[in-house]
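Asks: run_1.cif is the file, holding mmCIF, C-alpha atoms:
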data_protein
#
loop_
_atom_site.label_atom_id
_atom_site.label_comp_id
_atom_site.auth_asym_id
_atom_site.auth_seq_id
_atom_site.Cartn_x
_atom_site.Cartn_y
_atom_site.Cartn_z
CA MET X 1 88.53 101.50 96.93
CA VAL X 2 90.88 104.44 97.49
CA VAL X 3 93.15 102.22 99.60
CA ILE X 4 93.69 99.94 96.60
CA TYR X 5 95.38 102.82 94.79
CA LEU X 6 97.16 104.28 97.82
CA ILE X 7 99.09 101.06 98.34
CA PRO X 8 101.00 101.17 95.00
CA LEU X 9 101.63 104.91 95.52
CA VAL X 10 103.19 104.39 98.94
CA LEU X 11 104.99 101.28 97.71
CA SER X 12 106.46 103.21 94.79
CA ILE X 13 107.70 106.00 97.07
CA VAL X 14 109.32 103.50 99.44
CA LEU X 15 110.92 101.55 96.59
CA ASN X 16 112.22 104.73 94.94
CA LEU X 17 113.93 105.71 98.18
CA PHE X 18 115.28 102.18 98.68
CA PHE X 19 116.69 101.73 95.17
CA GLN X 20 118.05 105.27 95.08
CA ARG X 21 120.05 104.60 98.25
CA TYR X 22 121.18 101.23 96.88
CA PHE X 23 122.41 102.80 93.64
CA ILE X 24 124.18 105.55 95.59
CA LYS X 25 125.80 102.94 97.87
CA LYS X 26 127.05 101.07 94.79
CA ASN X 27 128.19 104.38 93.26
CA LYS X 28 125.92 103.88 90.25
CA PHE X 29 125.25 107.43 89.12
CA ASP X 30 124.08 108.67 85.73
CA GLU X 31 127.25 109.82 84.01
CA VAL X 32 127.26 113.45 82.95
CA VAL X 33 128.33 113.60 79.30
CA LEU X 34 128.15 116.19 76.54
CA ARG X 35 124.57 115.31 75.58
CA SER X 36 123.34 115.24 79.20
CA SER X 37 120.68 117.73 80.27
CA HIS X 38 121.75 117.66 83.92
CA THR X 39 124.88 118.52 85.88
CA VAL X 40 123.94 117.12 89.30
CA LEU X 41 124.19 113.68 90.86
CA ALA X 42 121.40 111.38 89.72
CA THR X 43 120.62 107.67 89.72
CA ARG X 44 118.82 105.78 86.97
CA SER X 45 116.74 103.79 89.45
CA GLY X 46 113.23 105.08 88.68
CA GLY X 47 112.39 102.23 86.33
CA VAL X 48 113.42 99.67 88.95
CA ALA X 49 110.94 101.13 91.45
CA ILE X 50 108.12 101.17 88.86
CA PHE X 51 108.71 97.57 87.78
CA ALA X 52 109.12 96.36 91.37
CA THR X 53 105.81 98.01 92.31
CA LEU X 54 104.06 96.44 89.31
CA PHE X 55 105.61 93.03 90.01
CA LEU X 56 104.73 92.96 93.71
CA ILE X 57 101.12 94.04 93.13
CA ILE X 58 100.64 91.46 90.37
CA VAL X 59 102.22 88.72 92.53
CA TYR X 60 99.76 89.59 95.30
CA TYR X 61 96.76 89.24 92.97
CA TYR X 62 98.22 86.06 91.49
CA ILE X 63 98.50 84.48 94.96
CA GLN X 64 94.92 85.57 95.63
CA ALA X 65 93.91 83.75 92.39
CA ASN X 66 92.47 87.03 91.10
CA GLN X 67 93.64 86.91 87.50
CA PHE X 68 91.67 89.75 85.92
CA PHE X 69 93.92 89.83 82.85
CA ASP X 70 96.66 87.75 81.24
CA PHE X 71 99.53 87.99 83.73
CA SER X 72 101.91 86.49 81.15
CA VAL X 73 102.23 89.98 79.65
CA LEU X 74 104.65 90.60 82.52
CA ILE X 75 107.19 88.36 80.72
CA PRO X 76 107.83 90.64 77.69
CA LEU X 77 107.65 93.70 79.96
CA GLY X 78 110.17 92.02 82.25
CA ILE X 79 112.50 91.45 79.29
CA LEU X 80 112.35 95.12 78.33
CA PHE X 81 112.98 96.15 81.94
CA THR X 82 115.94 93.76 82.31
CA VAL X 83 117.58 94.86 79.06
CA GLY X 84 117.09 98.50 80.04
CA LEU X 85 118.52 97.95 83.52
CA TYR X 86 121.56 96.17 82.10
CA ASP X 87 122.04 99.08 79.71
CA ASP X 88 121.77 101.57 82.59
CA ILE X 89 124.57 99.82 84.44
CA TYR X 90 126.85 98.32 81.79
CA GLN X 91 125.84 99.99 78.50
CA VAL X 92 124.37 97.79 75.75
CA ASP X 93 124.95 98.13 72.02
CA PHE X 94 121.83 99.55 70.34
CA LYS X 95 121.77 96.58 67.95
CA LEU X 96 121.39 94.16 70.84
CA LYS X 97 118.61 96.29 72.36
CA PHE X 98 116.86 96.30 68.99
CA ILE X 99 117.01 92.49 68.82
CA PHE X 100 115.41 92.19 72.27
CA GLN X 101 112.76 94.73 71.29
CA LEU X 102 111.98 92.60 68.23
CA ILE X 103 111.68 89.50 70.42
CA VAL X 104 109.37 91.31 72.84
CA ALA X 105 107.20 92.61 70.00
CA LYS X 106 106.81 89.07 68.60
CA ILE X 107 105.90 87.71 72.04
CA LEU X 108 103.23 90.39 72.47
CA VAL X 109 101.81 89.64 69.01
CA ASP X 110 101.68 85.92 69.85
CA GLN X 111 99.84 86.84 73.06
CA GLY X 112 97.11 88.49 71.01
CA ILE X 113 98.31 92.10 71.20
CA ILE X 114 97.91 92.77 67.49
CA ILE X 115 96.43 95.54 65.33
CA GLU X 116 93.27 94.29 63.66
CA THR X 117 92.19 97.39 61.75
CA LEU X 118 93.44 100.65 60.26
CA ASN X 119 90.07 102.27 61.05
CA GLY X 120 89.58 103.58 57.51
CA PHE X 121 93.13 104.84 56.86
CA LEU X 122 93.53 104.94 53.05
CA GLY X 123 90.10 103.30 52.94
CA ILE X 124 91.42 100.20 54.74
CA TYR X 125 89.70 98.63 57.73
CA GLU X 126 90.41 94.95 58.43
CA ILE X 127 93.88 93.81 57.39
CA PRO X 128 95.32 90.33 56.70
CA TYR X 129 96.85 88.56 59.69
CA LEU X 130 100.40 88.46 58.31
CA ILE X 131 100.36 92.19 57.57
CA SER X 132 98.82 92.79 61.01
CA GLN X 133 101.74 91.00 62.63
CA ILE X 134 104.34 93.00 60.73
CA LEU X 135 102.61 96.34 61.37
CA THR X 136 102.16 95.57 65.06
CA ILE X 137 105.79 94.52 65.53
CA LEU X 138 107.00 97.69 63.80
CA LEU X 139 104.61 99.82 65.85
CA ILE X 140 105.67 98.27 69.16
CA ILE X 141 109.36 98.80 68.39
CA PHE X 142 108.64 102.37 67.27
CA ILE X 143 106.65 103.24 70.43
CA ILE X 144 109.29 101.70 72.71
CA ASN X 145 112.01 103.81 71.09
CA ALA X 146 109.81 106.92 70.96
CA THR X 147 109.31 106.67 74.71
CA ASN X 148 113.04 106.22 75.21
CA PHE X 149 113.84 109.17 72.92
CA SER X 150 111.50 111.49 74.86
CA ASP X 151 113.33 110.79 78.12
CA GLY X 152 115.65 113.75 77.71
CA ILE X 153 114.56 116.35 80.27
CA ASP X 154 112.97 116.19 83.71
CA GLY X 155 109.39 114.98 83.69
CA LEU X 156 108.90 114.81 79.92
CA ALA X 157 108.76 111.05 79.32
CA ILE X 158 106.65 110.37 82.40
CA SER X 159 104.24 113.22 81.55
CA GLU X 160 103.67 112.04 77.98
CA SER X 161 103.34 108.43 79.13
CA ILE X 162 100.83 109.28 81.85
CA LYS X 163 98.74 111.42 79.49
CA CYS X 164 98.62 108.65 76.90
CA LEU X 165 97.53 106.02 79.41
CA LEU X 166 94.91 108.37 80.87
CA ILE X 167 93.38 108.89 77.43
CA VAL X 168 93.11 105.12 76.95
CA ILE X 169 91.55 104.66 80.40
CA ILE X 170 89.04 107.51 80.10
CA ALA X 171 88.00 106.69 76.55
CA SER X 172 87.58 102.95 77.12
CA PHE X 173 84.31 101.55 75.83
CA ASN X 174 82.07 98.85 77.36
CA GLY X 175 84.74 97.59 79.79
CA LYS X 176 86.26 95.29 77.20
CA PHE X 177 89.76 95.69 78.61
CA LEU X 178 89.00 96.52 82.22
CA GLY X 179 91.89 94.34 83.40
CA TYR X 180 94.38 96.18 81.25
CA ASN X 181 92.99 99.49 82.50
CA PHE X 182 93.84 98.49 86.04
CA ILE X 183 97.42 97.82 84.99
CA PHE X 184 97.61 101.11 83.11
CA LEU X 185 96.32 102.93 86.20
CA LEU X 186 98.76 101.02 88.39
CA ILE X 187 101.64 102.14 86.14
CA ILE X 188 100.45 105.76 86.34
CA ILE X 189 100.31 105.63 90.15
CA ALA X 190 103.72 103.95 90.40
CA THR X 191 105.19 106.63 88.08
CA LEU X 192 103.78 109.70 89.89
CA PRO X 193 106.44 109.80 92.67
CA LEU X 194 109.09 110.33 89.99
CA TYR X 195 107.87 113.91 89.58
CA TYR X 196 109.32 114.66 93.02
CA PHE X 197 112.50 112.67 92.48
CA ASN X 198 112.98 114.06 88.93
CA PHE X 199 112.79 117.67 90.02
CA LYS X 200 115.01 117.51 93.10
CA ARG X 201 117.94 119.93 93.03
CA ASN X 202 120.41 117.13 93.74
CA TYR X 203 120.39 113.36 94.01
CA LYS X 204 117.74 113.14 91.33
CA VAL X 205 116.13 109.89 90.22
CA PHE X 206 115.75 109.30 86.49
CA LEU X 207 113.66 106.69 84.70
CA GLY X 208 116.71 105.21 83.08
CA ASP X 209 116.42 102.86 80.12
CA SER X 210 114.81 100.30 82.43
CA GLY X 211 111.95 102.72 83.00
CA SER X 212 111.61 104.17 79.51
CA LEU X 213 111.66 100.74 77.83
CA LEU X 214 109.16 99.43 80.38
CA LEU X 215 106.83 102.39 79.86
CA GLY X 216 107.24 102.06 76.10
CA GLY X 217 106.16 98.43 76.31
CA VAL X 218 103.11 99.30 78.41
CA ILE X 219 102.11 102.16 76.11
CA SER X 220 102.46 100.00 72.99
CA ILE X 221 100.09 97.46 74.57
CA ALA X 222 97.67 100.24 75.53
CA LEU X 223 97.67 101.76 72.05
CA VAL X 224 97.17 98.46 70.20
CA VAL X 225 94.29 97.44 72.47
CA PHE X 226 92.81 100.94 72.20
CA ILE X 227 92.99 100.93 68.38
CA ASN X 228 91.15 97.62 68.25
CA GLU X 229 88.56 98.83 70.75
CA LEU X 230 87.82 101.93 68.68
CA GLY X 231 87.72 99.78 65.56
CA SER X 232 84.90 97.75 67.10
CA ILE X 233 82.82 100.94 67.41
CA THR X 234 81.20 101.42 64.03
CA SER X 235 80.71 105.17 64.64
CA SER X 236 84.46 105.72 64.98
CA THR X 237 85.85 107.76 62.09
CA ILE X 238 89.37 108.28 63.40
CA SER X 239 92.01 106.37 61.45
CA THR X 240 94.68 104.36 63.25
CA PRO X 241 97.57 106.80 62.54
CA LEU X 242 95.49 109.71 63.93
CA ILE X 243 94.67 107.71 67.06
CA LEU X 244 98.35 107.00 67.61
CA LEU X 245 99.37 110.60 66.96
CA GLY X 246 96.63 111.97 69.18
CA CYS X 247 97.41 109.71 72.12
CA PHE X 248 101.21 109.92 72.01
CA THR X 249 101.71 113.19 70.17
CA TYR X 250 105.12 114.51 71.18
CA PRO X 251 107.16 111.26 71.33
CA ILE X 252 105.92 110.26 67.87
CA ILE X 253 106.57 113.66 66.24
CA ASP X 254 109.96 114.02 67.95
CA THR X 255 111.08 110.51 66.97
CA ILE X 256 110.10 110.98 63.31
CA TYR X 257 111.89 114.35 63.26
CA VAL X 258 115.06 113.08 64.96
CA VAL X 259 115.34 109.87 62.92
CA ALA X 260 114.79 111.74 59.63
CA LYS X 261 117.37 114.37 60.58
CA ARG X 262 119.98 111.80 61.63
CA ILE X 263 119.53 109.75 58.47
CA ALA X 264 119.69 112.91 56.33
CA ASN X 265 123.00 113.75 58.04
CA GLY X 266 124.35 110.26 57.42
CA LYS X 267 124.17 109.25 61.10
CA SER X 268 122.69 106.21 62.79
CA PRO X 269 119.13 106.92 64.01
CA PHE X 270 119.93 105.04 67.23
CA ILE X 271 123.03 107.01 68.29
CA ALA X 272 121.96 109.54 70.94
CA ASP X 273 122.57 113.25 70.43
CA LYS X 274 120.98 116.59 71.31
CA SER X 275 118.93 117.07 68.16
CA HIS X 276 115.57 116.43 69.83
CA ILE X 277 112.86 119.09 69.76
CA HIS X 278 113.11 119.60 73.52
CA HIS X 279 116.85 120.22 73.16
CA ILE X 280 116.19 122.80 70.44
CA ILE X 281 113.71 124.61 72.69
CA ILE X 282 116.13 124.60 75.64
CA ASN X 283 118.93 125.89 73.42
CA LYS X 284 116.74 128.96 72.78
CA GLY X 285 117.23 129.87 76.45
CA VAL X 286 114.07 128.22 77.78
CA SER X 287 114.35 126.47 81.17
CA HIS X 288 113.69 122.74 81.53
CA ASN X 289 110.49 123.33 83.49
CA THR X 290 109.16 125.85 80.97
CA CYS X 291 110.06 123.52 78.11
CA LEU X 292 108.11 120.73 79.79
CA LEU X 293 105.08 123.01 80.24
CA ILE X 294 105.21 124.16 76.61
CA ILE X 295 105.41 120.65 75.16
CA SER X 296 102.91 119.04 77.53
CA GLY X 297 100.57 122.01 77.23
CA ILE X 298 100.49 122.07 73.43
CA THR X 299 100.17 118.30 73.07
CA GLY X 300 97.63 118.26 75.89
CA ILE X 301 95.30 120.53 73.89
CA PHE X 302 95.24 118.10 70.97
CA GLN X 303 94.78 115.17 73.33
CA ILE X 304 91.81 116.81 75.05
CA LEU X 305 90.23 117.49 71.65
CA LEU X 306 90.78 113.84 70.67
CA LEU X 307 89.26 112.63 73.93
CA TYR X 308 86.28 114.96 73.50
CA TYR X 309 85.72 113.72 69.95
CA ILE X 310 85.91 110.05 70.95
CA THR X 311 83.74 110.29 74.04
CA GLY X 312 81.42 113.05 72.78
#
Would you put the structure from the file into structure tokens?

Replies:
Amino acid sequence: MVVIYLIPLVLSIVLNLFFQRYFIKKNKFDEVVLRSSHTVLATRSGGVAIFATLFLIIVYYYIQANQFFDFSVLIPLGILFTVGLYDDIYQVDFKLKFIFQLIVAKILVDQGIIIETLNGFLGIYEIPYLISQILTILLIIFIINATNFSDGIDGLAISESIKCLLIVIIASFNGKFLGYNFIFLLIIIATLPLYYFNFKRNYKVFLGDSGSLLLGGVISIALVVFINELGSITSSTISTPLILLGCFTYPIIDTIYVVAKRIANGKSPFIADKSHIHHIIINKGVSHNTCLLIISGITGIFQILLLYYITG
């Protein structure tokens, strides 16, 4: 059983090295601009390695006729990855990225990834199908962008993504989405090597938009399925917004804060700047590593309490 999980880990390491060298050979480095949090050479190839690992493993199981979940979910994830990769290399207008995110969200909804309940929020449980579609589409787009927004310092986006997916895996009830759990675990394993590549002194490897959009898509699927799973447990008293906030604490809070601040200042919420909470902490003289520990530590406490409440 351990070998099953060692294979994607080794594969991810190999692919990270391969794509990093390829990007370096093609002189595709992450440009250092005013809002950058780094000053060293880095490639935005991390997302390519994660997606390639996921794709190769799924292809293997597909050939073996072992379809333990709907493999077609790879199509919308592939769209997010492709749009992100194109943006990493050529730069894409945020409006075009938003359109593709909307398309992906609708595809996922049509595939059955849809919020079925608010779990008692404002006294509401089951919601009409049309409203469910709209809420789910908005949520998916929000989570995708929240993941992308949190990718501002070394290790932050991957840490928050991994913690969120771990909560969903650990708190899963009655094996209803065992197949999805395998994919979530596969994503976690494929992402782990980025800790090493993220924290190198030079020739770093970043997630890039290809990675952050991909992870955002995976997390949105995980959260929607998790919400519905908790909604099927009659003893659950945690409303949908609290579930979302508990699982993906920092990216959600940071995104709400940043978007509200940009709109208040008459700026587009999609134009990148250094107004994120992690930037504010770093500007106080805190190192990147310490900032990561502070954010992940504080949010981790709330996530542990949530997990204890759900599984207790």

Asks: Considering all atoms listed in the file, state which residue in the set X:Ala146, X:Ile189, X:Val225, X:Ile162 is at the smallest distance from X:Thr255.

Replies: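 Of X:Ala146, X:Ile189, X:Val225, X:Ile162, the one nearest X:Thr255, counting all atoms listed in the file, is X:Ala146.
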
Asks: What are the nearest atom pairs, with distances in Å to one decimal, for all residues of stretch 208-259 of chain X that come at most 10 Å from stretch 264-275 of chain X, using only C-alpha atoms, set out by chain and rising residue number as a tab-separated table?

Replies:
residue	atom	partner	partner_atom	distance
X:Asp254	CA	X:Ser275	CA	9.5
X:Thr255	CA	X:Pro269	CA	9.3
X:Ile256	CA	X:Pro269	CA	9.9
X:Tyr257	CA	X:Ser275	CA	9.0
X:Val258	CA	X:Ser275	CA	6.4
X:Val259	CA	X:Pro269	CA	4.9

Asks: Can you spell out as number ranges by chain the set of residues that the PyMOL selection byres ((chain X and resi 12) around 8) selects in the structure I just provided?

Replies: X: 8-11, 13-16, 49-50, 53, 190-191, 193

Asks: List every protein, DNA or RNA residue that has an atom no more than 7 Å from (115.3, 115.7, 84.5) in the file's coordinate frame, counting only C-alpha atoms, and report them as a VMD selection string.

Replies: chain X and resid 38 153 to 155 198 to 199 206

Asks: Between X:Ile114, X:Ile282, X:Ile127, X:Ile79, which has the minimum distance to X:Phe226 (counting all atoms listed in the file)?

Replies: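 Closest residue, counting all atoms listed in the file: X:Ile114.
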
Asks: With the file shown as input, list the residues that the PyMOL selection byres ((chain X and resi 203) around 10) selects, as number ranges by chain.

Replies: X: 20-21, 24, 29, 40-43, 197-202, 204-206

Asks: Leaving out X:Leu307 and any residue of its chain fewer than 2 positions from it, which residues lie within 10 Å of it when counting only C-alpha atoms, given as a PyMOL selection string?

Replies: chain X and resi 166-168+170-171+246-247+301-305+309-312

Asks: Identify which of the residues X:Ile263, X:Ala105, X:Leu194, X:Ile298 lies closest to X:Ile221, counting all atoms listed in the file when measuring atom-to-atom distances.

Replies: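 Checking each candidate against X:Ile221, we get X:Ala105 as the closest.
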
Asks: Calculated over only C-alpha atoms, which of the candidates X:Ala260, X:Cys164, X:Leu186, X:Leu80 has the smallest distance to X:Ile99?

Replies: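 Of X:Ala260, X:Cys164, X:Leu186, X:Leu80, the one nearest X:Ile99, counting only C-alpha atoms, is X:Leu80.
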
Asks: Report, in Å with one decimal, the straight-line distance from atom CA of X:Leu293 to atom CA of X:Arg44.

Replies: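 Interatomic distance, atom CA of X:Leu293 to atom CA of X:Arg44: 23.0 Å.
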
Asks: What is the atom CA of X:Ala222 to atom CA of X:Leu165 distance in Å?

Replies: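 It comes out at 7.0 Å.
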
Asks: Counting all atoms listed in the file, which residue out of X:Ile7, X:Ile89, X:Ala65, X:Leu223 sits closest to X:Gly208?

Replies: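 Counting all atoms listed in the file, the residue closest to X:Gly208 is X:Ile89.
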
Asks: Reconstruct N, CA and C atoms of stretch 106-121 of chain X; output as a compact mmCIF listing (two decimals), in the frame of the given file.

Replies:
# COMPACT_ATOMS: atom_id res chain seq x y z
N LYS X 106 107.36 90.34 69.10
CA LYS X 106 106.81 89.07 68.60
C LYS X 106 106.07 88.33 69.70
N ILE X 107 106.57 88.37 70.92
CA ILE X 107 105.90 87.71 72.04
C ILE X 107 104.53 88.35 72.27
N LEU X 108 104.49 89.68 72.26
CA LEU X 108 103.23 90.39 72.47
C LEU X 108 102.22 90.05 71.37
N VAL X 109 102.69 89.99 70.13
CA VAL X 109 101.81 89.64 69.01
C VAL X 109 101.25 88.23 69.22
N ASP X 110 102.11 87.30 69.62
CA ASP X 110 101.68 85.92 69.85
C ASP X 110 100.72 85.82 71.03
N GLN X 111 100.76 86.81 71.93
CA GLN X 111 99.84 86.84 73.06
C GLN X 111 98.51 87.50 72.72
N GLY X 112 98.37 87.91 71.46
CA GLY X 112 97.11 88.49 71.01
C GLY X 112 97.08 90.00 70.97
N ILE X 113 98.22 90.63 71.28
CA ILE X 113 98.31 92.10 71.20
C ILE X 113 98.67 92.43 69.76
N ILE X 114 97.67 92.60 68.91
CA ILE X 114 97.91 92.77 67.49
C ILE X 114 96.88 93.72 66.89
N ILE X 115 97.33 94.58 65.99
CA ILE X 115 96.43 95.54 65.33
C ILE X 115 95.53 94.79 64.35
N GLU X 116 94.23 94.99 64.50
CA GLU X 116 93.27 94.29 63.66
C GLU X 116 92.67 95.17 62.57
N THR X 117 92.83 96.48 62.70
CA THR X 117 92.19 97.39 61.75
C THR X 117 92.99 98.69 61.62
N LEU X 118 92.85 99.32 60.47
CA LEU X 118 93.44 100.65 60.26
C LEU X 118 92.37 101.73 60.41
N ASN X 119 91.17 101.33 60.78
CA ASN X 119 90.07 102.27 61.05
C ASN X 119 89.83 103.25 59.90
N GLY X 120 89.91 102.74 58.68
CA GLY X 120 89.58 103.58 57.51
C GLY X 120 90.75 104.34 56.92
N PHE X 121 91.97 104.16 57.43
CA PHE X 121 93.13 104.84 56.86
C PHE X 121 93.36 104.33 55.44
